[in-house]
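J.: What follows is entry_36.cif, mmCIF, C-alpha atoms and all ligand atoms.
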data_my_file
#
loop_
_atom_site.label_atom_id
_atom_site.label_comp_id
_atom_site.auth_asym_id
_atom_site.auth_seq_id
_atom_site.Cartn_x
_atom_site.Cartn_y
_atom_site.Cartn_z
CA MET Y 1 17.51 157.18 113.08
CA ALA Y 2 18.91 154.70 110.58
CA PRO Y 3 19.48 155.96 107.03
CA ASN Y 4 16.38 155.89 104.84
CA ARG Y 5 15.87 152.83 102.71
CA SER Y 6 13.27 154.06 100.26
CA GLY Y 7 13.57 152.67 96.75
CA LEU Y 8 10.72 154.95 95.68
CA LYS Y 9 12.67 157.71 94.04
CA PRO Y 10 16.09 159.00 93.09
CA PRO Y 11 17.06 162.07 95.19
CA GLY Y 12 15.41 165.28 94.00
CA ALA Y 13 12.55 163.60 92.12
CA ASP Y 14 9.89 164.71 94.61
CA ASP Y 15 7.50 166.21 92.07
CA TRP Y 16 7.54 163.00 90.02
CA VAL Y 17 6.70 160.89 93.08
CA ARG Y 18 3.96 163.28 94.23
CA GLU Y 19 2.41 163.16 90.76
CA ARG Y 20 2.32 159.34 91.00
CA PHE Y 21 0.72 159.72 94.46
CA ARG Y 22 -1.92 162.09 93.06
CA ARG Y 23 -2.73 159.75 90.16
CA ALA Y 24 -2.82 156.42 92.02
CA LEU Y 25 -4.38 157.34 95.37
CA THR Y 26 -7.85 158.85 95.54
CA PRO Y 27 -7.27 162.35 96.90
CA THR Y 28 -9.07 163.74 99.94
CA SER Y 29 -8.11 167.36 99.31
CA GLY Y 30 -6.51 169.54 96.67
CA SER Y 31 -3.56 170.35 98.89
CA PRO Y 32 -2.19 167.31 100.74
CA MET Y 33 0.85 167.87 102.97
CA GLY Y 34 2.78 165.59 100.62
CA ILE Y 35 5.78 164.69 102.80
CA ILE Y 36 7.45 161.68 101.18
CA VAL Y 37 7.97 159.56 104.27
CA GLY Y 38 11.23 157.76 104.80
CA GLU Y 39 11.12 156.86 108.48
CA ALA Y 40 9.53 158.04 111.70
CA ARG Y 41 10.94 157.82 115.22
CA GLY Y 42 9.82 159.57 118.38
CA CYS Y 43 8.53 163.00 117.38
CA THR Y 44 10.42 163.10 114.11
CA VAL Y 45 9.23 162.20 110.64
CA ARG Y 46 12.14 162.01 108.25
CA ASP Y 47 11.54 162.32 104.52
CA THR Y 48 13.37 160.36 101.86
CA ASP Y 49 15.88 163.20 101.41
CA GLY Y 50 16.76 162.91 105.10
CA VAL Y 51 14.99 166.15 106.07
CA GLU Y 52 13.54 165.92 109.57
CA HIS Y 53 10.10 167.31 110.43
CA ILE Y 54 8.91 167.80 114.02
CA ASP Y 55 5.59 166.01 114.30
CA LEU Y 56 3.04 168.15 116.14
CA LEU Y 57 0.07 166.03 115.07
CA ALA Y 58 1.13 162.44 115.88
CA GLY Y 59 -0.73 161.13 112.81
CA ILE Y 60 -3.75 163.04 114.18
CA GLY Y 61 -3.53 161.83 117.74
CA VAL Y 62 -2.37 158.27 117.05
CA ALA Y 63 1.32 158.12 117.98
CA ALA Y 64 0.91 158.85 121.70
CA THR Y 65 4.08 156.93 122.54
CA GLY Y 66 5.98 158.50 119.64
CA HIS Y 67 6.77 156.79 116.37
CA GLY Y 68 8.41 153.38 116.36
CA ASP Y 69 8.86 152.68 120.07
CA PRO Y 70 11.02 149.52 120.11
CA ARG Y 71 8.79 147.94 122.78
CA ILE Y 72 5.82 148.15 120.45
CA LEU Y 73 7.82 146.88 117.48
CA ALA Y 74 9.00 143.90 119.57
CA ALA Y 75 5.42 143.08 120.63
CA ILE Y 76 4.26 143.18 117.00
CA ASP Y 77 7.17 140.98 115.97
CA GLU Y 78 6.44 138.45 118.70
CA GLN Y 79 2.75 138.24 117.77
CA MET Y 80 3.62 138.03 114.07
CA GLN Y 81 5.63 134.88 114.74
CA ARG Y 82 2.62 133.26 116.47
CA HIS Y 83 -0.31 134.07 114.21
CA LEU Y 84 -2.00 136.77 112.17
CA HIS Y 85 -5.74 136.68 111.44
CA VAL Y 86 -7.28 133.32 112.33
CA MET Y 87 -11.01 133.96 112.76
CA VAL Y 88 -13.59 136.76 112.73
CA TYR Y 89 -14.00 138.75 115.95
CA GLY Y 90 -15.85 137.06 118.78
CA GLU Y 91 -15.31 133.37 117.95
CA PHE Y 92 -11.81 132.23 118.94
CA VAL Y 93 -9.95 133.12 122.13
CA GLN Y 94 -6.98 135.18 120.94
CA GLU Y 95 -4.55 135.97 123.70
CA THR Y 96 -3.53 139.55 122.84
CA GLN Y 97 -7.17 140.50 122.27
CA LEU Y 98 -8.23 139.12 125.64
CA LEU Y 99 -5.29 140.63 127.52
CA LEU Y 100 -5.83 144.09 126.03
CA ALA Y 101 -9.58 143.99 126.75
CA GLU Y 102 -9.01 142.90 130.36
CA ARG Y 103 -6.28 145.50 130.89
CA LEU Y 104 -8.44 148.30 129.53
CA LEU Y 105 -11.47 147.25 131.54
CA SER Y 106 -9.35 147.19 134.70
CA LEU Y 107 -8.61 150.87 134.08
CA LEU Y 108 -12.19 151.93 133.43
CA PRO Y 109 -14.89 152.70 136.00
CA GLU Y 110 -18.02 150.60 136.48
CA PRO Y 111 -20.31 149.98 134.69
CA LEU Y 112 -17.98 149.97 131.64
CA SER Y 113 -17.34 146.24 131.67
CA SER Y 114 -17.66 144.74 128.17
CA LEU Y 115 -15.47 145.65 125.21
CA TYR Y 116 -16.08 145.16 121.48
CA PHE Y 117 -13.08 145.59 119.15
CA THR Y 118 -13.34 147.26 115.74
CA ASN Y 119 -10.86 148.37 113.09
CA SER Y 120 -11.29 152.12 113.38
CA GLY Y 121 -12.94 154.98 115.21
CA THR Y 122 -15.81 155.37 112.81
CA GLU Y 123 -16.58 151.64 112.95
CA ALA Y 124 -16.66 151.86 116.75
CA VAL Y 125 -19.07 154.82 116.52
CA GLU Y 126 -21.33 152.81 114.18
CA GLY Y 127 -21.35 149.97 116.71
CA ALA Y 128 -22.16 152.35 119.55
CA LEU Y 129 -25.06 153.90 117.61
CA LYS Y 130 -26.50 150.47 116.78
CA LEU Y 131 -26.03 149.41 120.40
CA VAL Y 132 -27.95 152.32 121.93
CA ARG Y 133 -30.84 151.84 119.50
CA LYS Y 134 -31.08 148.11 120.15
CA ALA Y 135 -30.60 148.39 123.91
CA THR Y 136 -33.27 151.08 124.38
CA GLY Y 137 -35.68 150.15 121.59
CA ARG Y 138 -35.74 153.88 120.74
CA THR Y 139 -34.56 155.51 117.52
CA ARG Y 140 -33.63 159.15 118.18
CA LEU Y 141 -29.97 160.14 118.40
CA VAL Y 142 -28.72 163.43 119.76
CA SER Y 143 -25.37 164.88 118.76
CA PHE Y 144 -23.71 168.30 119.04
CA HIS Y 145 -23.01 171.05 116.58
CA GLY Y 146 -19.30 171.02 115.85
CA GLY Y 147 -18.85 167.36 116.79
CA PHE Y 148 -16.90 164.94 114.62
CA HIS Y 149 -17.32 161.17 114.80
CA GLY Y 150 -15.91 159.77 111.56
CA ASP Y 151 -16.81 159.42 107.92
CA THR Y 152 -19.01 156.38 107.43
CA LEU Y 153 -22.69 157.13 106.87
CA GLY Y 154 -23.87 156.65 110.47
CA SER Y 155 -21.00 158.74 111.81
CA VAL Y 156 -21.57 161.44 109.20
CA SER Y 157 -25.25 161.50 110.24
CA VAL Y 158 -24.20 162.53 113.76
CA GLY Y 159 -21.43 164.84 112.51
CA GLY Y 160 -22.05 168.39 113.67
CA ASN Y 161 -21.13 170.31 110.53
CA PRO Y 162 -23.79 170.55 107.77
CA LEU Y 163 -21.05 171.16 105.17
CA TYR Y 164 -19.95 167.55 105.54
CA ARG Y 165 -23.47 166.09 105.81
CA HIS Y 166 -25.26 167.72 102.90
CA PRO Y 167 -23.42 166.06 99.99
CA PHE Y 168 -24.35 162.64 101.39
CA MET Y 169 -28.06 163.15 102.12
CA PRO Y 170 -30.27 161.38 102.92
CA LEU Y 171 -28.52 160.26 106.07
CA LEU Y 172 -29.86 158.51 109.18
CA PRO Y 173 -33.27 159.88 110.10
CA ASP Y 174 -34.14 161.01 113.62
CA VAL Y 175 -30.89 162.75 114.50
CA VAL Y 176 -31.17 165.99 116.47
CA PHE Y 177 -28.36 168.45 117.21
CA ALA Y 178 -27.81 170.31 120.47
CA ARG Y 179 -25.31 173.07 121.18
CA PHE Y 180 -22.15 172.18 123.10
CA ASN Y 181 -21.82 174.10 126.39
CA ASP Y 182 -25.44 175.28 126.16
CA THR Y 183 -27.43 173.56 128.91
CA ALA Y 184 -30.72 175.04 127.65
CA SER Y 185 -30.31 173.15 124.39
CA LEU Y 186 -30.14 169.85 126.32
CA ASP Y 187 -33.95 170.05 126.50
CA VAL Y 188 -34.04 168.03 123.26
CA ILE Y 189 -32.97 165.03 125.35
CA ASP Y 190 -36.27 163.40 126.27
CA THR Y 191 -37.72 159.90 126.60
CA SER Y 192 -37.67 159.40 122.82
CA VAL Y 193 -33.86 159.52 122.76
CA ALA Y 194 -31.86 156.29 122.43
CA GLY Y 195 -28.46 157.86 122.82
CA VAL Y 196 -26.47 161.08 122.96
CA ILE Y 197 -23.01 161.14 121.42
CA VAL Y 198 -20.46 163.73 122.47
CA GLU Y 199 -16.73 164.36 122.38
CA PRO Y 200 -15.79 165.47 125.93
CA VAL Y 201 -13.44 167.95 124.24
CA GLN Y 202 -14.59 168.88 120.74
CA ALA Y 203 -11.39 168.47 118.77
CA GLU Y 204 -12.31 169.13 115.14
CA ALA Y 205 -14.55 172.01 116.22
CA GLY Y 206 -11.33 173.82 117.19
CA VAL Y 207 -10.42 172.22 120.54
CA VAL Y 208 -13.51 173.42 122.41
CA LEU Y 209 -13.32 172.54 126.10
CA PRO Y 210 -16.47 171.76 128.09
CA ASP Y 211 -17.59 174.48 130.50
CA ASP Y 212 -17.55 173.54 134.16
CA GLY Y 213 -20.53 171.34 134.93
CA PHE Y 214 -21.69 170.92 131.31
CA LEU Y 215 -20.82 167.23 130.98
CA GLN Y 216 -22.28 166.57 134.45
CA GLU Y 217 -25.52 168.25 133.41
CA LEU Y 218 -25.54 166.18 130.22
CA ARG Y 219 -25.00 163.01 132.26
CA GLU Y 220 -27.91 163.89 134.54
CA ARG Y 221 -30.29 164.61 131.64
CA CYS Y 222 -29.47 161.28 130.01
CA THR Y 223 -29.94 159.36 133.24
CA ARG Y 224 -33.24 161.11 133.95
CA VAL Y 225 -34.83 160.11 130.61
CA GLY Y 226 -33.10 156.75 130.12
CA ALA Y 227 -31.01 157.86 127.13
CA LEU Y 228 -27.56 156.27 126.86
CA LEU Y 229 -24.62 158.65 126.92
CA ILE Y 230 -21.83 157.88 124.44
CA PHE Y 231 -18.44 159.51 124.98
CA ASP Y 232 -16.38 159.58 121.80
CA GLU Y 233 -12.85 159.49 123.20
CA VAL Y 234 -11.25 158.54 119.90
CA ILE Y 235 -8.94 161.54 120.15
CA THR Y 236 -9.08 162.39 123.86
CA GLY Y 237 -8.26 158.88 125.08
CA PHE Y 238 -4.93 157.40 126.18
CA GLY Y 239 -3.45 160.33 128.03
CA ARG Y 240 -4.02 163.02 125.41
CA THR Y 241 -5.88 165.38 127.78
CA GLY Y 242 -3.68 164.74 130.82
CA SER Y 243 -5.59 161.81 132.32
CA LEU Y 244 -5.80 158.33 130.85
CA PHE Y 245 -9.31 159.16 129.59
CA ALA Y 246 -11.10 162.51 129.53
CA LEU Y 247 -13.95 160.90 131.48
CA GLN Y 248 -11.58 160.86 134.47
CA ARG Y 249 -10.48 164.45 133.87
CA TYR Y 250 -14.10 165.62 133.88
CA GLY Y 251 -15.43 163.11 136.41
CA VAL Y 252 -18.31 161.85 134.24
CA VAL Y 253 -18.91 158.18 133.41
CA PRO Y 254 -20.73 157.53 130.13
CA ASP Y 255 -22.80 154.45 129.28
CA VAL Y 256 -20.73 153.77 126.17
CA LEU Y 257 -17.12 154.74 125.57
CA VAL Y 258 -15.70 154.86 122.03
CA LEU Y 259 -11.95 154.45 121.54
CA ALA Y 260 -9.54 154.30 118.59
CA LYS Y 261 -6.47 156.20 117.33
CA ALA Y 262 -3.83 155.72 120.09
CA LEU Y 263 -5.56 152.49 121.18
CA GLY Y 264 -3.72 150.47 118.52
CA GLY Y 265 -0.20 151.74 119.24
CA GLY Y 266 0.21 152.72 115.57
CA LEU Y 267 -1.84 149.88 114.07
CA PRO Y 268 -5.54 150.15 113.18
CA LEU Y 269 -7.81 149.41 116.12
CA GLY Y 270 -11.02 150.77 117.64
CA ALA Y 271 -13.35 149.67 120.41
CA PHE Y 272 -16.56 150.52 122.18
CA VAL Y 273 -17.07 149.69 125.82
CA SER Y 274 -20.42 149.41 127.59
CA PRO Y 275 -22.08 147.72 130.58
CA ARG Y 276 -22.25 143.94 130.20
CA ASN Y 277 -26.04 143.80 130.21
CA THR Y 278 -26.28 146.52 127.53
CA ALA Y 279 -23.65 144.83 125.33
CA GLY Y 280 -25.53 141.54 125.71
CA VAL Y 281 -28.16 142.67 123.19
CA PHE Y 282 -25.67 142.06 120.38
CA SER Y 283 -25.52 138.30 120.91
CA GLU Y 284 -29.26 137.63 120.45
CA ASN Y 285 -32.27 138.53 118.27
CA PRO Y 286 -30.50 137.83 115.95
CA PRO Y 287 -27.20 136.33 117.03
CA LEU Y 288 -24.33 137.61 114.84
CA GLY Y 289 -26.28 140.80 114.20
CA HIS Y 290 -23.14 142.89 114.62
CA VAL Y 291 -19.90 141.25 113.48
CA THR Y 292 -16.53 142.24 112.05
CA THR Y 293 -13.87 140.21 110.27
CA PHE Y 294 -10.74 142.10 111.27
CA GLY Y 295 -11.87 144.02 114.39
CA GLY Y 296 -9.38 143.33 117.18
CA HIS Y 297 -6.68 142.06 114.84
CA PRO Y 298 -4.04 140.20 116.89
CA LEU Y 299 -1.20 142.42 115.64
CA SER Y 300 -3.12 145.59 116.52
CA CYS Y 301 -3.97 144.22 119.96
CA ALA Y 302 -0.34 143.25 120.62
CA ALA Y 303 0.76 146.76 119.65
CA GLY Y 304 -2.08 148.29 121.66
CA LEU Y 305 -1.23 146.31 124.77
CA ALA Y 306 2.44 147.32 124.55
CA SER Y 307 1.46 150.93 123.93
CA LEU Y 308 -0.93 151.00 126.90
CA GLU Y 309 1.75 149.66 129.23
CA ILE Y 310 4.17 152.33 127.98
CA ILE Y 311 1.60 155.07 128.54
CA LEU Y 312 1.07 153.82 132.10
CA GLU Y 313 4.67 152.94 133.03
CA ASP Y 314 6.21 156.06 131.50
CA GLY Y 315 3.51 158.31 132.98
CA LEU Y 316 2.57 159.77 129.60
CA ALA Y 317 -0.79 161.17 130.75
CA GLU Y 318 1.01 163.15 133.45
CA ALA Y 319 3.66 164.13 130.89
CA ALA Y 320 0.90 165.40 128.59
CA GLU Y 321 -0.21 167.79 131.32
CA THR Y 322 3.29 168.97 132.29
CA THR Y 323 4.62 169.33 128.76
CA GLY Y 324 1.29 170.76 127.64
CA ALA Y 325 1.50 173.49 130.28
CA HIS Y 326 5.06 174.31 129.19
CA LEU Y 327 4.01 174.40 125.53
CA GLU Y 328 1.05 176.62 126.32
CA SER Y 329 3.12 179.16 128.25
CA LEU Y 330 5.70 179.31 125.47
CA LEU Y 331 2.98 179.76 122.84
CA ARG Y 332 1.44 182.56 124.88
CA ALA Y 333 4.80 184.30 125.15
CA ARG Y 334 6.11 183.79 121.61
CA LEU Y 335 2.89 183.98 119.60
CA ALA Y 336 1.66 187.12 121.34
CA HIS Y 337 0.17 188.92 118.35
CA ASP Y 338 -3.19 190.53 117.48
CA SER Y 339 -3.94 187.74 115.03
CA VAL Y 340 -3.67 185.10 117.80
CA ARG Y 341 -6.91 185.45 119.73
CA GLU Y 342 -6.92 182.55 122.16
CA ILE Y 343 -5.06 179.39 123.09
CA ARG Y 344 -7.18 176.50 124.35
CA ARG Y 345 -5.65 173.39 125.86
CA ALA Y 346 -6.40 170.07 127.50
CA GLY Y 347 -3.16 168.18 128.16
CA LEU Y 348 -1.39 167.99 124.81
CA LEU Y 349 -4.44 168.83 122.71
CA ILE Y 350 -4.10 172.48 121.83
CA GLY Y 351 -6.08 174.88 119.67
CA ILE Y 352 -4.56 178.19 118.61
CA GLN Y 353 -7.48 180.44 117.74
CA MET Y 354 -6.50 182.99 115.10
CA ASP Y 355 -8.52 185.86 113.65
CA THR Y 356 -8.99 184.62 110.07
CA ALA Y 357 -8.76 181.44 108.01
CA THR Y 358 -6.38 183.27 105.65
CA HIS Y 359 -3.94 183.89 108.49
CA VAL Y 360 -4.22 180.26 109.62
CA ALA Y 361 -3.53 179.00 106.09
CA ALA Y 362 -0.52 181.29 105.62
CA PHE Y 363 0.87 180.55 109.08
CA SER Y 364 0.43 176.78 108.69
CA GLU Y 365 2.11 176.80 105.29
CA GLU Y 366 5.07 178.74 106.66
CA CYS Y 367 5.26 176.34 109.63
CA ARG Y 368 5.48 173.47 107.15
CA ARG Y 369 8.37 175.23 105.41
CA GLU Y 370 9.92 175.37 108.86
CA ARG Y 371 9.56 171.57 108.96
CA LEU Y 372 6.72 171.45 111.44
CA ILE Y 373 3.82 169.06 110.91
CA LEU Y 374 0.60 170.83 111.92
CA GLY Y 375 -2.68 172.01 110.42
CA TRP Y 376 -6.08 173.50 111.11
CA THR Y 377 -9.09 171.66 112.49
CA LEU Y 378 -11.69 170.17 110.15
CA HIS Y 379 -14.68 172.16 111.40
CA ASP Y 380 -12.91 175.43 112.12
CA ASP Y 381 -10.28 176.73 109.72
CA THR Y 382 -9.46 179.63 112.03
CA VAL Y 383 -7.89 177.25 114.56
CA VAL Y 384 -4.47 175.61 114.36
CA ARG Y 385 -4.46 172.27 116.18
CA LEU Y 386 -1.47 170.75 117.95
CA ALA Y 387 -1.56 167.14 119.16
CA PRO Y 388 2.07 166.00 119.32
CA PRO Y 389 3.23 162.61 120.60
CA LEU Y 390 2.97 162.60 124.40
CA VAL Y 391 6.70 161.84 124.57
CA ILE Y 392 7.66 165.19 123.04
CA THR Y 393 10.53 166.70 125.06
CA GLU Y 394 10.88 170.27 126.32
CA VAL Y 395 13.82 170.70 123.94
CA GLU Y 396 11.62 169.69 120.99
CA VAL Y 397 8.83 171.95 122.26
CA ASP Y 398 11.25 174.91 122.53
CA GLU Y 399 12.54 174.27 119.01
CA ALA Y 400 9.02 173.90 117.57
CA VAL Y 401 7.73 177.10 119.19
CA GLY Y 402 10.84 178.98 117.99
CA ARG Y 403 9.98 177.91 114.44
CA MET Y 404 6.32 178.87 114.93
CA HIS Y 405 7.42 182.30 116.15
CA ARG Y 406 9.50 182.78 112.96
CA ALA Y 407 6.57 181.57 110.83
CA LEU Y 408 4.19 184.01 112.53
CA GLU Y 409 6.57 186.93 112.01
CA LYS Y 410 6.92 186.09 108.33
CA THR Y 411 3.19 185.71 107.68
CA VAL Y 412 1.35 188.22 109.84
CA GLY Y 413 4.29 190.49 110.75
C1 LIG S 501 -13.54 162.24 117.81
C2 LIG S 501 -13.39 161.32 116.63
N1 LIG S 501 -14.25 160.32 116.48
C3 LIG S 501 -14.15 159.45 115.46
C4 LIG S 501 -13.17 159.58 114.51
C5 LIG S 501 -13.06 158.59 113.38
O1 LIG S 501 -11.98 157.75 113.57
P1 LIG S 501 -11.36 156.94 112.35
O2 LIG S 501 -10.70 157.93 111.45
O3 LIG S 501 -10.41 155.96 112.97
O4 LIG S 501 -12.49 156.28 111.66
C6 LIG S 501 -12.23 160.61 114.64
C7 LIG S 501 -11.16 160.77 113.66
O5 LIG S 501 -10.47 161.75 113.58
C8 LIG S 501 -12.34 161.51 115.73
O6 LIG S 501 -11.48 162.52 115.90
#
Rewrite the structure of this file - the entire thing - as structure tokens.
Ligand SMILES: Cc1ncc(COP(=O)(O)O)c(C=O)c1O

T.:
Amino acid sequence: MAPNRSGLKPPGADDWVRERFRRALTPTSGSPMGIIVGEARGCTVRDTDGVEHIDLLAGIGVAATGHGDPRILAAIDEQMQRHLHVMVYGEFVQETQLLLAERLLSLLPEPLSSLYFTNSGTEAVEGALKLVRKATGRTRLVSFHGGFHGDTLGSVSVGGNPLYRHPFMPLLPDVVFARFNDTASLDVIDTSVAGVIVEPVQAEAGVVLPDDGFLQELRERCTRVGALLIFDEVITGFGRTGSLFALQRYGVVPDVLVLAKALGGGLPLGAFVSPRNTAGVFSENPPLGHVTTFGGHPLSCAAGLASLEIILEDGLAEAAETTGAHLESLLRARLAHDSVREIRRAGLLIGIQMDTATHVAAFSEECRRERLILGWTLHDDTVVRLAPPLVITEVEVDEAVGRMHRALEKTVG
């Protein structure tokens, strides 16, 4: 990495800079990680004092190809020289947008054939929810306890943790929650249901994997009653679970697929994909009934296209499975302790189930002192989540697990 070029602070003035951060930027928690970022390359985030942190979160599942891949930077640079924003989504033909849409569609199964670009995951979820209501003429939405779909009002309405819904009531009416991995609870899916939204692997719930046959059963229920099945692959997409999309890993094709995070190669980008005839309802009654100014920004699409080619050419989905298996076996060996109850994994999405939230908090804090970037999941504070860049090497994995072992010894003995 090149030397840091931050003009933000003189060396050693971290507290002063963090105080400015706390004052100027609306906080989202009382205890932000607070790394003062200098540069990021590969799996390393380097702070302005030159201290290197191993990134085991990839910006929460974004940096699949690692930070700052030169091929992505070159694609952004090339697009930047041509044009930035020129028109709202859906009006002008913009080359990088078209190429990325076509490339993605070529990798997806039928009937997923029409792609709408957004700026973020939550905006893509909002679009998907509107789409299923308009396409079916029904109102009811089914979601799952523990699910997470973003933080705008529609997405919060289908969020599966009451703690995060209650402060914002009233939310969307006619939302019903089923239990993940409980086929009996799928009985709520009847002919009144417009759509069912599900994460194929529930990430924020603590990396909860679907039981064998559960997603198939869900697919069948939806088909039987004419409800549209939405897969939220915002975090599981782009190789994270060991196949390009989790829908391939589990062999279930949804009616609507929601993408974001790694889609933009480090720039903001989301999308929802659906059958062409379903998507068609957005262009009439009324036309322009669902529009976005910046969705599918040309820079984001250029970065996304470069990132997708890297994921494919460098075999990063396969790498996620191989490196994930290595990481899992090391974790099992080196974190063998009563306080570590279970390790759950799909590719390079890993949940370390501990016995208490107190142990998770202490362990995570010690890991951060060991210069590891990790944390617990939003809906389960007894689970430590790992979602490193898919390019993480075995050497980096060995080093990271060594540090986690030390952190565990120091905190829970
Ligand atoms: C499964 C899932 N859906 C949706 C979202 C929302 O995405 P964004 O933060 O880009 O709005 C997230 C974000 O973490 C997510 O994990």

J.: Report the distance between CA of Thr278 (chain Y) and atom C8 of ligand LIG 501 (chain S) in Å, rounded to one decimal place.

T.: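 Between CA of Thr278 (chain Y) and atom C8 of ligand LIG 501 (chain S) the gap is 23.6 Å.
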
J.: Can you work out which one of Y:Gly296, Y:Gly159, Y:Gly289, Y:Gly402 has the shortest atom-to-atom distance to ligand LIG 501 (chain S), counting only C-alpha atoms and all ligand atoms?

T.: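 Of all the options, Y:Gly159 lies closest to ligand LIG 501 (chain S).
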
J.: Which protein, DNA or RNA residues have an atom within 6 Å of ligand LIG 501 (chain S), counting all atoms listed in the file, as a PyMOL selection string?

T.: chain Y and resi 120-122+148-150+199+232+234-235+260-261

J.: Would you mind exporting the chosen residues as a PDB file, in the coordinates of the input, restricted to C-alpha atoms?

T.:
ATOM      1  CA  SER Y 120     -11.290 152.120 113.380  1.00  0.00           C
ATOM      2  CA  GLY Y 121     -12.940 154.980 115.210  1.00  0.00           C
ATOM      3  CA  THR Y 122     -15.810 155.370 112.810  1.00  0.00           C
ATOM      4  CA  PHE Y 148     -16.900 164.940 114.620  1.00  0.00           C
ATOM      5  CA  HIS Y 149     -17.320 161.170 114.800  1.00  0.00           C
ATOM      6  CA  GLY Y 150     -15.910 159.770 111.560  1.00  0.00           C
ATOM      7  CA  GLU Y 199     -16.730 164.360 122.380  1.00  0.00           C
ATOM      8  CA  ASP Y 232     -16.380 159.580 121.800  1.00  0.00           C
ATOM      9  CA  VAL Y 234     -11.250 158.540 119.900  1.00  0.00           C
ATOM     10  CA  ILE Y 235      -8.940 161.540 120.150  1.00  0.00           C
ATOM     11  CA  ALA Y 260      -9.540 154.300 118.590  1.00  0.00           C
ATOM     12  CA  LYS Y 261      -6.470 156.200 117.330  1.00  0.00           C
TER      13      LYS Y 261
END

J.: Could you check the closest approach to Val395 (chain Y) for each of Y:Thr191, Y:Leu330, Y:Glu220, Y:Phe117 and tell me which residue wins, using only C-alpha atoms?

T.: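 Checking each of Y:Thr191, Y:Leu330, Y:Glu220, Y:Phe117 against Val395 (chain Y), counting only C-alpha atoms, the winner is Y:Leu330.
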
J.: If you take only C-alpha atoms and a cut-off of 9 Å, which residues of region 251-329 of chain Y touch region 88-92 of chain Y, and what are their nearest atom pairs and distances in Å to one decimal, in chain and number order, as a tab-separated table?

T.:
residue	atom	partner	partner_atom	distance
Y:Val291	CA	Y:Tyr89	CA	6.9
Y:Thr292	CA	Y:Tyr89	CA	5.8
Y:Thr293	CA	Y:Val88	CA	4.2
Y:Phe294	CA	Y:Val88	CA	6.2
Y:Gly295	CA	Y:Tyr89	CA	5.9
Y:Gly296	CA	Y:Tyr89	CA	6.6
Y:His297	CA	Y:Tyr89	CA	8.1

J.: Could you make a table, as a tab-separated table, of the residues of region 48-154 of chain Y that have an atom within 12 Å of an atom of region 305-312 of chain Y, each with its nearest atom pair and distance in Å to one decimal, counting all atoms listed in the file, in chain and number order?

T.:
residue	atom	partner	partner_atom	distance
Y:Val62	CA	Y:Ser307	CA	10.8
Y:Ala63	CA	Y:Ser307	CA	9.3
Y:Ala64	CA	Y:Ile311	CA	7.8
Y:Thr65	CA	Y:Ser307	CA	6.7
Y:Gly66	CA	Y:Ser307	CA	9.8
Y:His67	CA	Y:Ser307	CA	10.9
Y:Gly68	CA	Y:Ser307	CA	10.6
Y:Asp69	CA	Y:Ser307	CA	8.5
Y:Pro70	CA	Y:Ala306	CA	9.9
Y:Arg71	CA	Y:Ala306	CA	6.6
Y:Ile72	CA	Y:Ala306	CA	5.4
Y:Leu73	CA	Y:Ala306	CA	8.9
Y:Ala74	CA	Y:Ala306	CA	8.9
Y:Ala75	CA	Y:Ala306	CA	6.5
Y:Ile76	CA	Y:Ala306	CA	8.8
Y:Asp77	CA	Y:Ala306	CA	11.7
Y:Glu78	CA	Y:Ala306	CA	11.4
Y:Gln79	CA	Y:Ala306	CA	11.3
Y:Glu95	CA	Y:Leu305	CA	10.9
Y:Thr96	CA	Y:Leu305	CA	7.4
Y:Gln97	CA	Y:Leu305	CA	8.7
Y:Leu98	CA	Y:Leu305	CA	10.1
Y:Leu99	CA	Y:Leu305	CA	7.5
Y:Leu100	CA	Y:Leu305	CA	5.3
Y:Ala101	CA	Y:Leu305	CA	8.9
Y:Glu102	CA	Y:Leu305	CA	10.2
Y:Arg103	CA	Y:Leu305	CA	8.0
Y:Leu104	CA	Y:Leu308	CA	8.4
Y:Leu107	CA	Y:Leu312	CA	10.3

J.: Please write the residues from the selection above to a file, keeping C-alpha atoms, as a tab-separated table (two decimals), in the coordinates of the input.

T.:
chain	number	residue	atom	x	y	z
Y	62	VAL	CA	-2.37	158.27	117.05
Y	63	ALA	CA	1.32	158.12	117.98
Y	64	ALA	CA	0.91	158.85	121.70
Y	65	THR	CA	4.08	156.93	122.54
Y	66	GLY	CA	5.98	158.50	119.64
Y	67	HIS	CA	6.77	156.79	116.37
Y	68	GLY	CA	8.41	153.38	116.36
Y	69	ASP	CA	8.86	152.68	120.07
Y	70	PRO	CA	11.02	149.52	120.11
Y	71	ARG	CA	8.79	147.94	122.78
Y	72	ILE	CA	5.82	148.15	120.45
Y	73	LEU	CA	7.82	146.88	117.48
Y	74	ALA	CA	9.00	143.90	119.57
Y	75	ALA	CA	5.42	143.08	120.63
Y	76	ILE	CA	4.26	143.18	117.00
Y	77	ASP	CA	7.17	140.98	115.97
Y	78	GLU	CA	6.44	138.45	118.70
Y	79	GLN	CA	2.75	138.24	117.77
Y	95	GLU	CA	-4.55	135.97	123.70
Y	96	THR	CA	-3.53	139.55	122.84
Y	97	GLN	CA	-7.17	140.50	122.27
Y	98	LEU	CA	-8.23	139.12	125.64
Y	99	LEU	CA	-5.29	140.63	127.52
Y	100	LEU	CA	-5.83	144.09	126.03
Y	101	ALA	CA	-9.58	143.99	126.75
Y	102	GLU	CA	-9.01	142.90	130.36
Y	103	ARG	CA	-6.28	145.50	130.89
Y	104	LEU	CA	-8.44	148.30	129.53
Y	107	LEU	CA	-8.61	150.87	134.08

J.: Compile the contact shell of Val156 (chain Y) as JSON, numbers by chain: residues with an atom at most 12 Å away, counting all atoms listed in the file, same-chain residues fewer than 4 positions apart removed.

T.: {"Y": [122, 123, 125, 126, 129, 143, 146, 147, 148, 149, 150, 151, 152, 160, 161, 162, 163, 164, 165, 166, 167, 168, 169, 170, 171, 172, 173, 175]}
